[in-house]
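Engineer: Contents of final.txt (compact mmCIF, N, CA and C atoms):
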```txt
# COMPACT_ATOMS: atom_id res chain seq x y z
N MET A 1 -73.97 -72.02 19.28
CA MET A 1 -74.92 -71.77 18.21
C MET A 1 -75.59 -70.41 18.45
N LEU A 2 -75.72 -69.63 17.41
CA LEU A 2 -76.38 -68.34 17.50
C LEU A 2 -77.89 -68.51 17.66
N THR A 3 -78.47 -67.64 18.47
CA THR A 3 -79.92 -67.64 18.60
C THR A 3 -80.53 -66.91 17.40
N LEU A 4 -81.84 -67.07 17.22
CA LEU A 4 -82.51 -66.34 16.13
C LEU A 4 -82.36 -64.84 16.33
N GLN A 5 -82.40 -64.35 17.57
CA GLN A 5 -82.22 -62.92 17.83
C GLN A 5 -80.82 -62.47 17.43
N GLU A 6 -79.80 -63.25 17.75
CA GLU A 6 -78.43 -62.90 17.37
C GLU A 6 -78.25 -62.87 15.86
N ILE A 7 -78.85 -63.83 15.18
CA ILE A 7 -78.79 -63.87 13.71
C ILE A 7 -79.49 -62.64 13.14
N SER A 8 -80.67 -62.33 13.68
CA SER A 8 -81.42 -61.16 13.21
C SER A 8 -80.63 -59.88 13.46
N ASP A 9 -80.05 -59.73 14.66
CA ASP A 9 -79.27 -58.53 14.97
C ASP A 9 -78.11 -58.36 14.00
N ARG A 10 -77.38 -59.42 13.75
CA ARG A 10 -76.23 -59.34 12.84
C ARG A 10 -76.66 -58.96 11.43
N MET A 11 -77.74 -59.56 10.95
CA MET A 11 -78.22 -59.25 9.60
C MET A 11 -78.72 -57.81 9.52
N GLU A 12 -79.40 -57.34 10.56
CA GLU A 12 -79.89 -55.96 10.56
C GLU A 12 -78.72 -54.98 10.58
N ILE A 13 -77.69 -55.28 11.32
CA ILE A 13 -76.51 -54.40 11.37
C ILE A 13 -75.78 -54.41 10.03
N GLN A 14 -75.65 -55.58 9.41
CA GLN A 14 -75.01 -55.64 8.09
C GLN A 14 -75.82 -54.85 7.06
N ASP A 15 -77.14 -54.95 7.13
CA ASP A 15 -78.00 -54.20 6.23
C ASP A 15 -77.84 -52.69 6.47
N LEU A 16 -77.70 -52.30 7.73
CA LEU A 16 -77.48 -50.89 8.07
C LEU A 16 -76.21 -50.37 7.41
N MET A 17 -75.14 -51.17 7.45
CA MET A 17 -73.88 -50.74 6.84
C MET A 17 -73.99 -50.66 5.33
N VAL A 18 -74.78 -51.53 4.72
CA VAL A 18 -75.01 -51.46 3.27
C VAL A 18 -75.82 -50.21 2.94
N ARG A 19 -76.82 -49.88 3.78
CA ARG A 19 -77.59 -48.66 3.55
C ARG A 19 -76.70 -47.43 3.64
N TYR A 20 -75.73 -47.44 4.55
CA TYR A 20 -74.77 -46.34 4.62
C TYR A 20 -74.03 -46.21 3.29
N SER A 21 -73.49 -47.32 2.80
CA SER A 21 -72.72 -47.30 1.54
C SER A 21 -73.57 -46.80 0.39
N HIS A 22 -74.81 -47.26 0.29
CA HIS A 22 -75.69 -46.82 -0.79
C HIS A 22 -76.01 -45.34 -0.67
N ALA A 23 -76.25 -44.86 0.55
CA ALA A 23 -76.55 -43.43 0.74
C ALA A 23 -75.39 -42.57 0.26
N VAL A 24 -74.16 -42.95 0.65
CA VAL A 24 -73.00 -42.16 0.24
C VAL A 24 -72.78 -42.28 -1.26
N ASP A 25 -72.88 -43.47 -1.80
CA ASP A 25 -72.59 -43.67 -3.22
C ASP A 25 -73.65 -43.08 -4.15
N THR A 26 -74.84 -42.79 -3.63
CA THR A 26 -75.88 -42.14 -4.45
C THR A 26 -76.05 -40.67 -4.09
N GLY A 27 -75.30 -40.19 -3.11
CA GLY A 27 -75.40 -38.80 -2.70
C GLY A 27 -76.69 -38.47 -1.97
N ASP A 28 -77.31 -39.47 -1.36
CA ASP A 28 -78.56 -39.26 -0.63
C ASP A 28 -78.22 -38.99 0.84
N TRP A 29 -77.78 -37.77 1.10
CA TRP A 29 -77.29 -37.42 2.44
C TRP A 29 -78.37 -37.52 3.50
N ASP A 30 -79.62 -37.23 3.14
CA ASP A 30 -80.70 -37.32 4.12
C ASP A 30 -80.98 -38.76 4.54
N ALA A 31 -80.61 -39.74 3.71
CA ALA A 31 -80.78 -41.15 4.09
C ALA A 31 -79.89 -41.51 5.27
N LEU A 32 -78.84 -40.72 5.49
CA LEU A 32 -77.95 -40.98 6.63
C LEU A 32 -78.65 -40.73 7.96
N ASP A 33 -79.76 -39.98 7.96
CA ASP A 33 -80.53 -39.76 9.18
C ASP A 33 -81.10 -41.06 9.73
N ALA A 34 -81.35 -42.04 8.86
CA ALA A 34 -81.87 -43.33 9.28
C ALA A 34 -80.75 -44.36 9.49
N VAL A 35 -79.50 -43.94 9.33
CA VAL A 35 -78.34 -44.81 9.53
C VAL A 35 -77.66 -44.51 10.86
N PHE A 36 -77.52 -43.22 11.17
CA PHE A 36 -76.83 -42.79 12.39
C PHE A 36 -77.84 -42.34 13.44
N THR A 37 -77.44 -42.40 14.71
CA THR A 37 -78.24 -41.79 15.76
C THR A 37 -78.11 -40.27 15.62
N ALA A 38 -79.06 -39.55 16.16
CA ALA A 38 -79.05 -38.08 16.05
C ALA A 38 -77.81 -37.48 16.69
N ASP A 39 -77.28 -38.14 17.72
CA ASP A 39 -76.10 -37.62 18.43
C ASP A 39 -74.82 -38.37 18.08
N ALA A 40 -74.79 -38.98 16.92
CA ALA A 40 -73.63 -39.79 16.51
C ALA A 40 -72.35 -38.97 16.43
N HIS A 41 -71.24 -39.62 16.75
CA HIS A 41 -69.92 -39.02 16.57
C HIS A 41 -69.27 -39.76 15.40
N ILE A 42 -68.85 -39.01 14.38
CA ILE A 42 -68.33 -39.59 13.14
C ILE A 42 -66.96 -39.00 12.87
N ASP A 43 -65.95 -39.85 12.79
CA ASP A 43 -64.56 -39.40 12.66
C ASP A 43 -63.93 -40.02 11.42
N TYR A 44 -63.85 -39.23 10.35
CA TYR A 44 -63.22 -39.65 9.10
C TYR A 44 -61.78 -39.14 9.00
N SER A 45 -61.22 -38.63 10.08
CA SER A 45 -59.94 -37.94 10.01
C SER A 45 -58.76 -38.85 9.65
N ALA A 46 -58.85 -40.14 9.89
CA ALA A 46 -57.74 -41.04 9.55
C ALA A 46 -57.48 -41.06 8.04
N MET A 47 -58.51 -40.76 7.25
CA MET A 47 -58.36 -40.73 5.80
C MET A 47 -58.41 -39.30 5.26
N GLY A 48 -58.26 -38.32 6.15
CA GLY A 48 -58.21 -36.92 5.74
C GLY A 48 -59.55 -36.21 5.72
N GLY A 49 -60.56 -36.82 6.32
CA GLY A 49 -61.90 -36.24 6.28
C GLY A 49 -62.27 -35.50 7.54
N SER A 50 -63.56 -35.29 7.70
CA SER A 50 -64.10 -34.50 8.80
C SER A 50 -64.22 -35.32 10.08
N LYS A 51 -64.51 -34.58 11.16
CA LYS A 51 -64.72 -35.19 12.47
C LYS A 51 -65.80 -34.37 13.14
N GLY A 52 -66.88 -35.00 13.56
CA GLY A 52 -67.95 -34.25 14.22
C GLY A 52 -69.23 -35.05 14.29
N GLY A 53 -70.33 -34.33 14.27
CA GLY A 53 -71.65 -34.96 14.35
C GLY A 53 -72.23 -35.24 12.98
N LEU A 54 -73.47 -35.68 12.97
CA LEU A 54 -74.14 -36.05 11.72
C LEU A 54 -74.30 -34.85 10.80
N LYS A 55 -74.69 -33.70 11.35
CA LYS A 55 -74.87 -32.50 10.51
C LYS A 55 -73.56 -32.13 9.81
N GLU A 56 -72.46 -32.09 10.56
CA GLU A 56 -71.16 -31.74 9.99
C GLU A 56 -70.71 -32.78 8.95
N THR A 57 -71.01 -34.04 9.22
CA THR A 57 -70.62 -35.11 8.29
C THR A 57 -71.38 -34.98 6.97
N LYS A 58 -72.67 -34.73 7.06
CA LYS A 58 -73.46 -34.56 5.84
C LYS A 58 -72.97 -33.35 5.04
N GLU A 59 -72.65 -32.26 5.71
CA GLU A 59 -72.13 -31.07 5.03
C GLU A 59 -70.79 -31.37 4.37
N PHE A 60 -69.92 -32.10 5.08
CA PHE A 60 -68.62 -32.47 4.52
C PHE A 60 -68.80 -33.33 3.27
N LEU A 61 -69.61 -34.37 3.36
CA LEU A 61 -69.81 -35.25 2.21
C LEU A 61 -70.41 -34.50 1.02
N ALA A 62 -71.39 -33.64 1.29
CA ALA A 62 -72.03 -32.88 0.22
C ALA A 62 -71.06 -31.92 -0.46
N SER A 63 -70.04 -31.47 0.26
CA SER A 63 -69.08 -30.54 -0.34
C SER A 63 -67.93 -31.25 -1.05
N VAL A 64 -67.56 -32.45 -0.60
CA VAL A 64 -66.38 -33.14 -1.14
C VAL A 64 -66.72 -34.13 -2.26
N MET A 65 -67.77 -34.88 -2.10
CA MET A 65 -68.04 -35.97 -3.04
C MET A 65 -68.33 -35.51 -4.47
N PRO A 66 -68.92 -34.34 -4.71
CA PRO A 66 -69.11 -33.91 -6.10
C PRO A 66 -67.80 -33.70 -6.87
N GLY A 67 -66.65 -33.65 -6.18
CA GLY A 67 -65.37 -33.52 -6.85
C GLY A 67 -64.91 -34.81 -7.52
N PHE A 68 -65.65 -35.87 -7.29
CA PHE A 68 -65.31 -37.17 -7.88
C PHE A 68 -66.36 -37.53 -8.92
N GLY A 69 -65.88 -38.14 -10.02
CA GLY A 69 -66.79 -38.57 -11.08
C GLY A 69 -67.49 -39.88 -10.78
N ALA A 70 -66.85 -40.71 -9.96
CA ALA A 70 -67.42 -42.01 -9.60
C ALA A 70 -66.73 -42.52 -8.34
N TYR A 71 -67.44 -43.32 -7.59
CA TYR A 71 -66.87 -43.92 -6.38
C TYR A 71 -67.76 -45.06 -5.92
N GLN A 72 -67.20 -45.97 -5.15
CA GLN A 72 -67.93 -47.10 -4.58
C GLN A 72 -67.37 -47.39 -3.20
N HIS A 73 -68.26 -47.71 -2.28
CA HIS A 73 -67.86 -48.17 -0.95
C HIS A 73 -68.19 -49.66 -0.87
N LEU A 74 -67.15 -50.48 -0.98
CA LEU A 74 -67.31 -51.92 -0.98
C LEU A 74 -66.92 -52.43 0.40
N ILE A 75 -67.89 -52.98 1.14
CA ILE A 75 -67.63 -53.41 2.51
C ILE A 75 -67.69 -54.93 2.62
N SER A 76 -66.86 -55.46 3.54
CA SER A 76 -66.83 -56.91 3.74
C SER A 76 -66.12 -57.23 5.06
N ASN A 77 -66.04 -58.52 5.34
CA ASN A 77 -65.29 -59.05 6.48
C ASN A 77 -65.66 -58.36 7.79
N SER A 78 -66.96 -58.21 8.03
CA SER A 78 -67.41 -57.57 9.26
C SER A 78 -67.24 -58.51 10.45
N SER A 79 -66.70 -57.98 11.51
CA SER A 79 -66.63 -58.67 12.79
C SER A 79 -67.55 -57.91 13.72
N ILE A 80 -68.67 -58.51 14.10
CA ILE A 80 -69.70 -57.83 14.88
C ILE A 80 -69.89 -58.56 16.20
N THR A 81 -69.92 -57.79 17.28
CA THR A 81 -70.18 -58.34 18.61
C THR A 81 -71.40 -57.62 19.17
N VAL A 82 -72.46 -58.40 19.44
CA VAL A 82 -73.71 -57.84 19.94
C VAL A 82 -73.80 -58.11 21.44
N ASP A 83 -74.21 -57.07 22.17
CA ASP A 83 -74.42 -57.19 23.61
C ASP A 83 -75.71 -56.46 23.96
N GLY A 84 -76.82 -57.15 23.85
CA GLY A 84 -78.12 -56.54 24.13
C GLY A 84 -78.48 -55.52 23.08
N ASP A 85 -78.67 -54.27 23.51
CA ASP A 85 -79.07 -53.20 22.60
C ASP A 85 -77.89 -52.37 22.10
N THR A 86 -76.68 -52.86 22.31
CA THR A 86 -75.49 -52.22 21.76
C THR A 86 -74.66 -53.28 21.04
N ALA A 87 -73.80 -52.83 20.17
CA ALA A 87 -72.93 -53.74 19.44
C ALA A 87 -71.71 -52.96 18.97
N THR A 88 -70.65 -53.67 18.67
CA THR A 88 -69.46 -53.08 18.08
C THR A 88 -69.13 -53.84 16.82
N GLY A 89 -68.44 -53.16 15.92
CA GLY A 89 -68.08 -53.81 14.67
C GLY A 89 -66.81 -53.24 14.09
N ARG A 90 -66.13 -54.10 13.34
CA ARG A 90 -64.95 -53.70 12.57
C ARG A 90 -65.18 -54.26 11.17
N THR A 91 -65.28 -53.37 10.18
CA THR A 91 -65.66 -53.77 8.83
C THR A 91 -64.68 -53.19 7.82
N MET A 92 -64.20 -54.04 6.94
CA MET A 92 -63.27 -53.62 5.89
C MET A 92 -64.01 -52.85 4.80
N CYS A 93 -63.37 -51.81 4.28
CA CYS A 93 -63.92 -51.03 3.18
C CYS A 93 -62.84 -50.81 2.13
N HIS A 94 -63.17 -51.14 0.88
CA HIS A 94 -62.33 -50.81 -0.27
C HIS A 94 -63.10 -49.74 -1.03
N ASN A 95 -62.48 -48.58 -1.22
CA ASN A 95 -63.19 -47.43 -1.76
C ASN A 95 -62.42 -46.79 -2.91
N PRO A 96 -62.65 -47.26 -4.16
CA PRO A 96 -62.05 -46.56 -5.30
C PRO A 96 -62.84 -45.28 -5.60
N MET A 97 -62.09 -44.20 -5.86
CA MET A 97 -62.71 -42.91 -6.13
C MET A 97 -62.03 -42.30 -7.36
N VAL A 98 -62.82 -42.02 -8.39
CA VAL A 98 -62.29 -41.49 -9.65
C VAL A 98 -62.42 -39.97 -9.63
N PHE A 99 -61.29 -39.29 -9.72
CA PHE A 99 -61.32 -37.83 -9.81
C PHE A 99 -61.93 -37.44 -11.14
N LYS A 100 -62.59 -36.30 -11.17
CA LYS A 100 -63.12 -35.78 -12.42
C LYS A 100 -61.96 -35.36 -13.30
N GLY A 101 -62.09 -35.61 -14.60
CA GLY A 101 -61.07 -35.22 -15.56
C GLY A 101 -61.29 -33.79 -16.05
N GLU A 102 -60.56 -33.46 -17.09
CA GLU A 102 -60.65 -32.11 -17.65
C GLU A 102 -62.00 -31.86 -18.32
N ASP A 103 -62.65 -32.93 -18.76
CA ASP A 103 -63.98 -32.80 -19.35
C ASP A 103 -64.82 -33.98 -18.87
N ASP A 104 -66.09 -34.00 -19.25
CA ASP A 104 -66.99 -35.06 -18.79
C ASP A 104 -66.68 -36.42 -19.39
N GLU A 105 -65.94 -36.45 -20.49
CA GLU A 105 -65.64 -37.70 -21.18
C GLU A 105 -64.37 -38.38 -20.66
N THR A 106 -63.49 -37.62 -20.06
CA THR A 106 -62.19 -38.15 -19.66
C THR A 106 -62.10 -38.24 -18.14
N PRO A 107 -61.98 -39.45 -17.59
CA PRO A 107 -61.82 -39.55 -16.14
C PRO A 107 -60.41 -39.14 -15.73
N GLY A 108 -60.30 -38.70 -14.50
CA GLY A 108 -59.00 -38.35 -13.94
C GLY A 108 -58.38 -39.56 -13.25
N PRO A 109 -57.38 -39.32 -12.42
CA PRO A 109 -56.74 -40.42 -11.68
C PRO A 109 -57.72 -41.10 -10.73
N VAL A 110 -57.39 -42.32 -10.35
CA VAL A 110 -58.21 -43.09 -9.41
C VAL A 110 -57.47 -43.18 -8.08
N MET A 111 -58.17 -42.81 -7.02
CA MET A 111 -57.62 -42.95 -5.68
C MET A 111 -58.24 -44.21 -5.05
N PHE A 112 -57.39 -45.10 -4.60
CA PHE A 112 -57.84 -46.32 -3.94
C PHE A 112 -57.65 -46.15 -2.44
N CYS A 113 -58.72 -46.26 -1.70
CA CYS A 113 -58.67 -46.14 -0.24
C CYS A 113 -59.02 -47.48 0.38
N GLY A 114 -58.18 -47.94 1.28
CA GLY A 114 -58.45 -49.16 2.04
C GLY A 114 -58.50 -48.81 3.51
N LEU A 115 -59.58 -49.19 4.16
CA LEU A 115 -59.77 -48.82 5.56
C LEU A 115 -60.68 -49.82 6.26
N TRP A 116 -60.76 -49.64 7.57
CA TRP A 116 -61.73 -50.37 8.37
C TRP A 116 -62.63 -49.35 9.04
N TYR A 117 -63.93 -49.62 9.04
CA TYR A 117 -64.86 -48.84 9.85
C TYR A 117 -64.89 -49.46 11.24
N LEU A 118 -64.70 -48.64 12.25
CA LEU A 118 -64.80 -49.06 13.64
C LEU A 118 -66.08 -48.43 14.18
N ASP A 119 -67.09 -49.27 14.42
CA ASP A 119 -68.42 -48.77 14.73
C ASP A 119 -68.91 -49.22 16.09
N THR A 120 -69.73 -48.35 16.68
CA THR A 120 -70.56 -48.72 17.81
C THR A 120 -72.00 -48.55 17.34
N PHE A 121 -72.80 -49.55 17.58
CA PHE A 121 -74.19 -49.56 17.15
C PHE A 121 -75.09 -49.51 18.38
N THR A 122 -76.24 -48.85 18.23
CA THR A 122 -77.22 -48.77 19.30
C THR A 122 -78.59 -49.06 18.72
N ARG A 123 -79.36 -49.87 19.46
CA ARG A 123 -80.74 -50.13 19.02
C ARG A 123 -81.61 -48.99 19.56
N VAL A 124 -82.28 -48.27 18.65
CA VAL A 124 -83.14 -47.15 19.00
C VAL A 124 -84.54 -47.45 18.50
N ASP A 125 -85.49 -47.54 19.40
CA ASP A 125 -86.89 -47.85 19.04
C ASP A 125 -86.97 -49.09 18.15
N GLY A 126 -86.17 -50.10 18.49
CA GLY A 126 -86.21 -51.37 17.77
C GLY A 126 -85.39 -51.41 16.49
N GLU A 127 -84.73 -50.32 16.15
CA GLU A 127 -83.93 -50.25 14.91
C GLU A 127 -82.47 -49.99 15.26
N TRP A 128 -81.56 -50.67 14.58
CA TRP A 128 -80.14 -50.45 14.80
C TRP A 128 -79.71 -49.16 14.11
N ARG A 129 -78.82 -48.41 14.77
CA ARG A 129 -78.23 -47.20 14.23
C ARG A 129 -76.75 -47.18 14.60
N ILE A 130 -75.97 -46.47 13.82
CA ILE A 130 -74.55 -46.27 14.16
C ILE A 130 -74.49 -45.07 15.09
N SER A 131 -73.95 -45.27 16.30
CA SER A 131 -73.83 -44.17 17.25
C SER A 131 -72.42 -43.58 17.28
N SER A 132 -71.46 -44.34 16.77
CA SER A 132 -70.08 -43.86 16.69
C SER A 132 -69.39 -44.58 15.54
N ARG A 133 -68.71 -43.81 14.71
CA ARG A 133 -67.94 -44.40 13.61
C ARG A 133 -66.61 -43.68 13.50
N SER A 134 -65.55 -44.46 13.43
CA SER A 134 -64.24 -43.91 13.10
C SER A 134 -63.63 -44.82 12.04
N GLU A 135 -62.56 -44.35 11.44
CA GLU A 135 -61.88 -45.11 10.40
C GLU A 135 -60.46 -45.43 10.84
N GLU A 136 -60.03 -46.60 10.45
CA GLU A 136 -58.63 -47.02 10.65
C GLU A 136 -58.03 -47.19 9.26
N LYS A 137 -57.03 -46.40 8.95
CA LYS A 137 -56.43 -46.40 7.61
C LYS A 137 -55.57 -47.64 7.40
N SER A 138 -55.73 -48.23 6.23
CA SER A 138 -54.84 -49.30 5.79
C SER A 138 -53.93 -48.77 4.69
N TYR A 139 -54.52 -48.18 3.64
CA TYR A 139 -53.72 -47.64 2.54
C TYR A 139 -54.50 -46.58 1.78
N MET A 140 -53.78 -45.75 1.06
CA MET A 140 -54.35 -44.80 0.13
C MET A 140 -53.34 -44.68 -1.01
N TYR A 141 -53.82 -44.90 -2.23
CA TYR A 141 -52.93 -44.87 -3.39
C TYR A 141 -53.64 -44.18 -4.54
N VAL A 142 -53.00 -43.22 -5.16
CA VAL A 142 -53.55 -42.55 -6.33
C VAL A 142 -52.84 -43.09 -7.56
N ALA A 143 -53.62 -43.76 -8.41
CA ALA A 143 -53.08 -44.32 -9.66
C ALA A 143 -53.16 -43.25 -10.75
N PRO A 144 -52.09 -43.01 -11.45
CA PRO A 144 -52.12 -41.99 -12.51
C PRO A 144 -53.03 -42.44 -13.66
N THR A 145 -53.49 -41.47 -14.43
CA THR A 145 -54.30 -41.81 -15.60
C THR A 145 -53.45 -42.54 -16.63
N ALA A 146 -54.11 -43.32 -17.46
CA ALA A 146 -53.38 -44.12 -18.46
C ALA A 146 -52.83 -43.25 -19.56
```
For this file, write the structure as structure tokens.

Structural biologist:
Amino acid sequence: MLTLQEISDRMEIQDLMVRYSHAVDTGDWDALDAVFTADAHIDYSAMGGSKGGLKETKEFLASVMPGFGAYQHLISNSSITVDGDTATGRTMCHNPMVFKGEDDETPGPVMFCGLWYLDTFTRVDGEWRISSRSEEKSYMYVAPTA
């Protein structure tokens, strides 16, 4: 049976991952400062993205995401293991991304990305943060426009 602390830790970590998704999906790059540790290592290279620290990741996202008209990071099936003030997790992400069309009214093709986030979490001043994140690719498919 899980202790109240274990239940709380798992819920706080799941909430942290949701805050990450909301920050990216709303373009609130500064909100990522409260998601990652200051010295976090973030590796999006499995899906063709950047690899580096928080500053580089925010710059990458700010430069790439405006090229899409819409996107969502849908996370589920988290497997989280807590060990004191550290934890690891493997979380599924389904990420549809709509390319911008020729005009504001017409969407472009949709790219479907399926991946797992492989995370290490650290409790900092009583708050969980992601200290390391990498991606494991499952699939990437670009559906043509109708």

Engineer: When DSSP works through the backbone of this structure, what residues of chain A end up as strand (DSSP E or B), shown as a ChimeraX atom specification?

Structural biologist: /A:36-43,51-52,68-71,74-83,86-103,106-124,127-143

Engineer: To test your reading of the structure, identify every residue in chain A that backbone DSSP assigns to alpha helix (DSSP H), and report it as number ranges by chain.

Structural biologist: A: 4-26, 54-64

Engineer: Using only C-alpha atoms, which of the listed residues (A:Ala70, A:Ala146, A:Val124, A:Ile75) sits closest to Pro96 of chain A?

Structural biologist: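 When distances to Pro96 of chain A are compared using only C-alpha atoms, the smallest one comes from A:Ala70.
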
Engineer: Using only N, CA and C atoms, find the one residue out of A:His41, A:His73, A:Lys100, A:Arg133 that sits nearest to Tyr20 of chain A.

Structural biologist: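 Counting only N, CA and C atoms, the residue closest to Tyr20 of chain A is A:His73.
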
Engineer: With distances taken over all atoms listed in the file, which residue among A:Val82, A:Leu118, A:Cys113, A:Ala38 lies nearest Met140 of chain A?

Structural biologist: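 Ranked by minimum distance to Met140 of chain A, first place goes to A:Cys113.
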
Engineer: For Phe68 of chain A, which residue out of A:Ile80, A:Leu16, A:Leu54, A:Met97 is the nearest one, using all atoms listed in the file?

Structural biologist: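 Using all atoms listed in the file, Phe68 of chain A sits closest to A:Met97.
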
Engineer: Counting only N, CA and C atoms, what is within 5 Å of Arg123 of chain A, bar same-chain residues fewer than 3 positions away, as a list in words?

Structural biologist: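 In the requested format, the answer is Asp85, Thr86, Gly126, Glu127, Trp128 and Arg129 of chain A.
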
Engineer: Counting all atoms listed in the file, which residues sit no farther than 5 Å from the position (-64.5, -56.5, 13.0) in the file's frame? I'd like them as an MDAnalysis selection string.

Structural biologist: chainID A and resid 78:80 89:91

Engineer: Ranking A:Asn95, A:Asp119, A:Gly108, A:Ile42 by minimum distance to Gly67 of chain A and counting only C-alpha atoms, which one comes first?

Structural biologist: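 For Gly67 of chain A, the nearest of the given residues is A:Gly108.
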
Engineer: Could you check how far atom C of Phe60 of chain A sits from atom N of Asp103 of chain A, in Å to one decimal?

Structural biologist: 22.9 Å

Engineer: I'd like the interatomic distance between atom CA of Gly52 of chain A and atom CA of Asp25 of chain A, to a tenth of an Å.

Structural biologist: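 Here the two named atoms are 20.4 Å from each other.
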